[in-house]
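Dropping data.txt in here (compact mmCIF, C-alpha atoms and all ligand atoms):
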# COMPACT_ATOMS: atom_id res chain seq x y z
CA MET I 21 26.54 14.31 26.21
CA ALA I 22 23.64 12.33 24.78
CA LYS I 23 20.96 11.54 27.36
CA SER I 24 20.22 7.86 27.89
CA PRO I 25 16.55 6.86 27.74
CA PRO I 26 14.58 6.34 30.96
CA SER I 27 15.18 2.79 32.14
CA SER I 28 11.44 2.02 31.92
CA LEU I 29 11.59 2.41 28.11
CA SER I 30 13.00 -0.56 26.19
CA ALA I 31 15.54 0.00 23.42
CA ALA I 32 12.93 -1.28 20.94
CA THR I 33 10.43 1.39 22.06
CA VAL I 34 13.07 4.10 21.69
CA ASP I 35 14.06 2.82 18.22
CA LEU I 36 10.44 2.75 17.09
CA ALA I 37 9.93 6.32 18.36
CA ALA I 38 12.94 7.46 16.30
CA ASP I 39 11.65 5.52 13.31
CA LYS I 40 8.25 7.18 13.70
CA ALA I 41 9.82 10.64 13.82
CA ALA I 42 11.80 9.89 10.64
CA ALA I 43 8.69 8.61 8.86
CA LEU I 44 6.52 11.57 9.84
CA ALA I 45 9.23 13.97 8.68
CA LEU I 46 8.95 12.36 5.24
CA THR I 47 5.16 12.05 5.17
CA PRO I 48 3.57 14.39 7.73
CA VAL I 49 0.02 13.70 8.92
CA SER I 50 -2.49 15.41 11.20
CA ARG I 51 -2.67 14.55 14.91
CA GLU I 52 -5.91 12.64 14.30
CA THR I 53 -4.36 10.49 11.57
CA GLU I 54 -1.26 9.94 13.72
CA ALA I 55 -3.49 8.67 16.56
CA ARG I 56 -5.22 6.26 14.15
CA LEU I 57 -1.86 5.03 12.86
CA ASP I 58 -0.63 4.51 16.45
CA ALA I 59 -3.73 2.43 17.22
CA TYR I 60 -3.24 0.41 14.04
CA LEU I 61 0.43 -0.35 14.74
CA ASP I 62 -0.36 -1.32 18.34
CA LEU I 63 -2.90 -3.82 17.03
CA LEU I 64 -0.51 -5.08 14.37
CA GLN I 65 2.18 -5.75 16.97
CA GLN I 66 -0.33 -7.65 19.14
CA TRP I 67 -1.50 -9.81 16.23
CA GLN I 68 2.00 -10.29 14.86
CA ALA I 69 2.66 -12.73 17.74
CA LYS I 70 0.03 -15.13 16.38
CA THR I 71 -0.26 -14.22 12.68
CA ASN I 72 2.64 -13.31 10.45
CA LEU I 73 1.57 -9.91 9.14
CA VAL I 74 4.95 -8.35 8.26
CA ALA I 75 8.46 -9.77 8.04
CA ALA I 76 9.74 -9.87 11.65
CA SER I 77 13.02 -8.27 10.54
CA THR I 78 11.12 -5.09 9.54
CA LEU I 79 9.37 -4.56 12.91
CA PRO I 80 11.92 -1.96 14.12
CA GLN I 81 11.18 0.06 10.96
CA LEU I 82 7.40 -0.26 10.94
CA TRP I 83 7.00 3.48 10.37
CA THR I 84 9.62 4.10 7.70
CA ARG I 85 9.45 0.76 5.85
CA HIS I 86 5.69 0.36 5.92
CA VAL I 87 3.73 3.45 7.02
CA ALA I 88 5.68 6.12 5.11
CA ASP I 89 5.90 3.83 2.10
CA SER I 90 2.09 3.67 2.13
CA LEU I 91 1.49 7.36 2.94
CA GLN I 92 3.52 8.49 -0.06
CA LEU I 93 0.59 7.35 -2.20
CA VAL I 94 -1.57 10.06 -0.59
CA SER I 95 1.12 12.61 -1.49
CA LEU I 96 1.12 11.36 -5.09
CA ALA I 97 -2.68 11.39 -5.33
CA PRO I 98 -3.95 13.98 -2.84
CA ASP I 99 -7.41 14.28 -4.39
CA VAL I 100 -8.16 10.55 -4.46
CA ARG I 101 -10.98 9.44 -2.16
CA ARG I 102 -12.14 6.00 -3.44
CA TRP I 103 -9.28 3.51 -3.15
CA LEU I 104 -9.06 -0.22 -3.84
CA ASP I 105 -6.07 -2.13 -2.43
CA PHE I 106 -5.20 -5.56 -3.83
CA GLY I 107 -3.65 -8.13 -1.44
CA SER I 108 -3.69 -5.93 1.67
CA GLY I 109 -2.10 -8.56 3.96
CA GLY I 110 -1.15 -6.79 7.20
CA GLY I 111 -2.64 -3.52 5.91
CA PHE I 112 -0.03 -1.82 3.73
CA PRO I 113 -0.98 0.37 2.08
CA GLY I 114 -4.74 -0.24 2.57
CA ILE I 115 -5.18 0.40 6.32
CA VAL I 116 -2.77 3.35 6.27
CA LEU I 117 -4.79 4.88 3.43
CA ALA I 118 -8.03 4.27 5.37
CA CYS I 119 -6.54 6.06 8.41
CA ALA I 120 -5.67 9.01 6.17
CA MET I 121 -9.13 8.98 4.54
CA ALA I 122 -11.04 9.21 7.83
CA GLU I 123 -10.75 12.99 7.95
CA VAL I 124 -11.48 13.70 4.30
CA GLY I 125 -14.51 11.50 3.65
CA GLY I 126 -12.77 8.84 1.57
CA HIS I 127 -13.13 5.06 1.56
CA VAL I 128 -10.80 2.09 0.99
CA THR I 129 -11.80 -1.37 -0.24
CA LEU I 130 -9.24 -3.96 0.83
CA VAL I 131 -9.04 -7.34 -0.92
CA GLU I 132 -7.31 -10.25 0.83
CA ARG I 133 -7.64 -13.99 0.27
CA ILE I 134 -6.35 -15.26 3.63
CA ALA I 135 -9.17 -15.33 6.20
CA LYS I 136 -6.98 -14.57 9.25
CA LYS I 137 -5.51 -11.51 7.57
CA ALA I 138 -8.94 -10.34 6.43
CA ALA I 139 -10.12 -10.65 10.07
CA PHE I 140 -7.14 -8.56 11.17
CA LEU I 141 -7.90 -5.90 8.55
CA ARG I 142 -11.53 -5.66 9.74
CA GLU I 143 -10.36 -5.28 13.32
CA ALA I 144 -7.85 -2.61 12.27
CA LEU I 145 -10.63 -0.61 10.58
CA ARG I 146 -12.76 -0.98 13.70
CA VAL I 147 -10.16 0.07 16.28
CA THR I 148 -8.98 3.02 14.21
CA GLY I 149 -12.49 4.12 13.24
CA SER I 150 -11.37 4.30 9.61
CA PRO I 151 -13.61 4.07 6.53
CA GLY I 152 -13.13 0.83 4.65
CA THR I 153 -14.55 -2.51 3.55
CA VAL I 154 -12.67 -5.79 3.58
CA ILE I 155 -13.43 -8.34 0.88
CA LEU I 156 -12.21 -11.86 1.64
CA ALA I 157 -11.57 -13.09 -1.89
CA ASP I 158 -9.07 -14.03 -4.54
CA ILE I 159 -8.67 -10.91 -6.70
CA GLY I 160 -8.68 -12.60 -10.08
CA ASP I 161 -11.99 -14.42 -9.65
CA ASN I 162 -13.90 -11.57 -8.05
CA VAL I 163 -13.39 -8.35 -9.98
CA ASP I 164 -17.18 -8.00 -10.40
CA ARG I 165 -17.56 -7.80 -6.58
CA PHE I 166 -15.31 -4.76 -6.31
CA PRO I 167 -16.59 -1.16 -6.49
CA GLN I 168 -16.82 -0.09 -10.10
CA ARG I 169 -16.32 3.63 -9.45
CA LEU I 170 -12.79 4.00 -8.21
CA ASP I 171 -10.26 6.81 -8.14
CA CYS I 172 -7.19 4.70 -7.47
CA ILE I 173 -6.11 1.03 -7.35
CA THR I 174 -3.06 0.10 -5.29
CA ALA I 175 -0.96 -2.98 -4.57
CA ARG I 176 2.28 -3.66 -2.74
CA ALA I 177 4.23 -6.93 -2.82
CA VAL I 178 1.30 -8.89 -4.24
CA ALA I 179 2.05 -10.06 -7.79
CA PRO I 180 4.16 -9.25 -10.86
CA LEU I 181 3.18 -6.01 -12.60
CA ASN I 182 1.84 -7.87 -15.61
CA GLN I 183 -0.67 -9.69 -13.39
CA LEU I 184 -1.60 -6.57 -11.37
CA ILE I 185 -2.35 -4.69 -14.58
CA GLY I 186 -4.57 -7.57 -15.69
CA PHE I 187 -6.50 -7.38 -12.39
CA ALA I 188 -6.85 -3.60 -12.66
CA GLU I 189 -7.78 -3.31 -16.33
CA PRO I 190 -11.54 -4.06 -15.99
CA LEU I 191 -11.78 -1.55 -13.12
CA MET I 192 -10.08 1.40 -14.85
CA GLY I 193 -12.84 3.94 -15.49
CA PRO I 194 -12.33 7.48 -16.78
CA GLY I 195 -9.97 9.19 -14.34
CA THR I 196 -9.01 6.00 -12.46
CA ARG I 197 -5.34 5.69 -11.60
CA ALA I 198 -3.26 2.70 -10.54
CA LEU I 199 -0.33 3.16 -8.15
CA PHE I 200 1.69 -0.01 -7.67
CA LEU I 201 4.59 -0.09 -5.20
CA LYS I 202 7.47 -2.01 -6.72
CA GLY I 203 11.08 -2.89 -5.95
CA GLN I 204 14.32 -2.92 -7.88
CA ASP I 205 13.06 -5.27 -10.61
CA VAL I 206 10.62 -2.67 -11.87
CA GLU I 207 12.28 -2.25 -15.28
CA ALA I 208 12.15 -5.98 -16.02
CA GLU I 209 8.52 -6.15 -14.84
CA LEU I 210 7.61 -3.21 -17.09
CA THR I 211 9.32 -4.82 -20.06
CA GLU I 212 7.28 -7.97 -19.49
CA ALA I 213 4.04 -6.05 -18.92
CA THR I 214 4.35 -4.01 -22.11
CA LYS I 215 4.28 -7.25 -24.14
CA TYR I 216 0.64 -7.58 -23.12
CA TRP I 217 -0.56 -4.10 -22.15
CA LYS I 218 -0.52 -0.68 -23.79
CA ILE I 219 0.54 1.52 -20.92
CA GLU I 220 2.32 4.82 -20.46
CA PRO I 221 3.83 4.39 -17.02
CA ARG I 222 5.28 7.15 -14.93
CA LEU I 223 7.82 5.97 -12.39
CA HIS I 224 8.21 7.80 -9.08
CA ALA I 225 11.24 6.98 -6.94
CA SER I 226 10.07 5.90 -3.51
CA LEU I 227 10.10 8.68 -0.94
CA THR I 228 11.43 6.17 1.54
CA GLY I 229 14.62 5.65 -0.49
CA GLY I 230 16.20 2.29 -1.22
CA GLN I 231 15.29 0.55 -4.45
CA GLY I 232 11.56 1.28 -4.32
CA TRP I 233 9.45 2.73 -7.10
CA VAL I 234 5.82 3.64 -7.57
CA VAL I 235 4.44 2.70 -10.98
CA ASP I 236 1.76 5.22 -11.89
CA LEU I 237 -0.75 4.31 -14.61
CA ASP I 238 -3.77 6.27 -15.76
CA ARG I 239 -4.74 4.11 -18.70
CA ILE I 240 -4.53 0.41 -19.49
CA ASP I 241 -5.36 -1.14 -22.86
CA ARG I 242 -4.72 -4.58 -24.20
CA GLN I 243 -1.73 -4.84 -26.50
CA ASN I 244 -2.35 -6.13 -29.99
CA LEU I 245 1.22 -6.09 -31.15
CA THR I 246 4.26 -6.96 -29.04
CA ALA I 247 5.94 -3.67 -28.25
CA SER I 248 7.93 -2.15 -25.46
CA ARG I 249 8.07 1.40 -24.24
CA GLU I 250 10.56 3.37 -22.25
CA PRO I 251 8.94 4.50 -19.00
CA ALA I 252 9.24 8.16 -18.02
CA HIS I 253 11.48 8.43 -14.93
CA ASP I 254 10.84 10.83 -12.13
CA ARG I 255 13.84 10.29 -9.82
CA HIS I 256 14.11 13.10 -7.31
C1 LIG B 301 3.57 -10.34 0.60
S1 LIG B 301 1.97 -9.94 1.19
C2 LIG B 301 1.96 -8.16 1.09
C3 LIG B 301 0.88 -7.59 1.93
C4 LIG B 301 0.82 -6.06 1.94
N1 LIG B 301 0.33 -5.55 0.67
C5 LIG B 301 2.16 -5.45 2.29
O1 LIG B 301 2.79 -4.84 1.43
O2 LIG B 301 2.59 -5.59 3.45
C6 LIG B 301 0.89 -10.36 -0.17
C7 LIG B 301 -0.54 -10.46 0.28
O3 LIG B 301 -1.36 -10.51 -0.88
C8 LIG B 301 -2.31 -11.53 -0.73
N2 LIG B 301 -2.62 -12.01 -2.08
C9 LIG B 301 -1.74 -12.45 -3.02
N3 LIG B 301 -2.38 -12.81 -4.15
C10 LIG B 301 -3.70 -12.58 -3.92
C11 LIG B 301 -4.88 -12.77 -4.70
N4 LIG B 301 -4.82 -13.26 -5.93
N5 LIG B 301 -6.07 -12.44 -4.15
C12 LIG B 301 -6.13 -11.91 -2.90
N6 LIG B 301 -5.05 -11.73 -2.10
C13 LIG B 301 -3.85 -12.06 -2.61
C14 LIG B 301 -1.63 -12.59 0.13
O4 LIG B 301 -2.57 -13.41 0.80
C15 LIG B 301 -0.82 -11.71 1.08
O5 LIG B 301 -1.53 -11.40 2.24
Please express what this file holds, its structure, as structure tokens.
Ligand SMILES: C[S@@+](CC[C@H](N)C(=O)[O-])C[C@H]1O[C@@H](n2cnc3c(N)ncnc32)[C@H](O)[C@@H]1O
Amino acid sequence: MAKSPPSSLSAATVDLAADKAAALALTPVSRETEARLDAYLDLLQQWQAKTNLVAASTLPQLWTRHVADSLQLVSLAPDVRRWLDFGSGGGFPGIVLACAMAEVGGHVTLVERIAKKAAFLREALRVTGSPGTVILADIGDNVDRFPQRLDCITARAVAPLNQLIGFAEPLMGPGTRALFLKGQDVEAELTEATKYWKIEPRLHASLTGGQGWVVDLDRIDRQNLTASREPAHDRH
């Protein structure tokens, strides 16, 4: 017979523990990174009461919906150390990446235009002891303030692909990659983006299932002629 949880533990705590176990099975991390992620999610849940950082309906799946979704970028780009995250909001993927970078000497620059969220992101870096810099700015007007030597640019739920590619283009040096987390409309967004940008996207099905995709770009050029390309699919 299944054991019932100790009465001192709420059902929500038990659910979150199960969600954490499921997430860490998908995207395992060291004990040190796990401790940083725990500290981050504790802070997020405290701030969530006064600032809307994630959709309330996703709180029971903080680990699978948000943390594992972010950590899969480290699996896709294990050698990346210098990250830039556009529109970090409540910290996905930027703070999760910073937690993962603490042990390997990496750094994450997080860009966010809402002051309260930027304050939260700074506090999250502080309490987790993770390496990062928060820039309170609108991405489009401030590209020259961002680090120019980057290994990877990320964004999740920030803007249409066409616009994200436009933000990233001036920052794409030799060897820079862009990994954009996208939902089920990815094909339509790619079709639109290829009207303006010469890109050879690779698509990775999200590790966390559902309709998610990661759009992986290693080169962005402006399009002279209107053309569309079939993206390479990597559904596993
Ligand atoms: C829907 S939230 C997603 C936040 C986070 N990336 C996530 O997946 O949970 C989008 C965030 O991007 C920020 N954002 C959108 N456009 C931006 C821009 N042009 N410059 C800076 N931040 C922007 C918003 O303020 C918001 O916090």
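Here the selection is built from only C-alpha atoms, and the residues within 10 Å of (-1.2, -1.3, 6.7) turn out to be I:Leu57, I:Tyr60, I:Leu61, I:Leu64, I:Leu73, I:Val74, I:Leu82, I:His86, I:Val87, I:Asp89, I:Ser90, I:Leu91, I:Ser108, I:Gly109, I:Gly110, I:Gly111, I:Phe112, I:Pro113, I:Gly114, I:Ile115, I:Val116, I:Leu117, I:Ala118, I:Cys119, I:Leu141, I:Ala144.
Of the residues listed (I:Asp39, I:Trp103, I:Lys215, I:Thr129), I:Thr129 shows the shortest atom-to-atom separation from Arg165 of chain I; distances use only C-alpha atoms.
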Q: May I ask for the distance between atom CA of Ala179 of chain I and atom N3 of ligand LIG 301 (chain B), given in Å to one decimal place?
A: 6.4 Å
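Compared by their closest atoms to Ala198 of chain I, and using all atoms listed in the file, the residues I:Val147, I:Ile159, I:Ala97, I:Glu212 rank with I:Ala97 nearest.
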Q: Using all atoms listed in the file, collect all residues at a distance of at most 9 Å from (-6.9, -5.3, -9.2) as written in the file, then present them as a PyMOL selection string.
A: chain I and resi 104-107+131+159-160+163+166+173-175+183-191+198
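Comparing I:Ala135, I:Ala59, I:Leu44, I:Ile240 by their smallest distance to ligand LIG 301 (chain B), the closest is I:Ala135 (using only C-alpha atoms and all ligand atoms).
Here the question is which of I:Asp158, I:Glu123, I:Glu132, I:Glu207 gets nearest to Asn182 of chain I using only C-alpha atoms, and that residue is I:Glu207.
Here the question is which of I:Asn162, I:Thr214, I:Gln65, I:Asn244 gets nearest to ligand LIG 301 (chain B) using only C-alpha atoms and all ligand atoms, and that residue is I:Asn162.
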Six-sided padding of 5 Å per side, axis-aligned box over ligand LIG 301 (chain B), centre and edges in Å, one decimal, as lines of an AutoDock Vina configuration file:
center_x = -1.3
center_y = -9.1
center_z = -1.2
size_x = 19.7
size_y = 18.6
size_z = 19.4
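Closest to ligand LIG 301 (chain B) among I:Ala45, I:Ala76, I:Ala55, I:Leu96 is I:Ala76, based on only C-alpha atoms and all ligand atoms.
Non-sequential neighbours of Asp99 of chain I (distance at most 10 Å, separation of 5 or more positions within a chain, only C-alpha atoms) are Val94, Val124, Gly126 and Asp171 of chain I.
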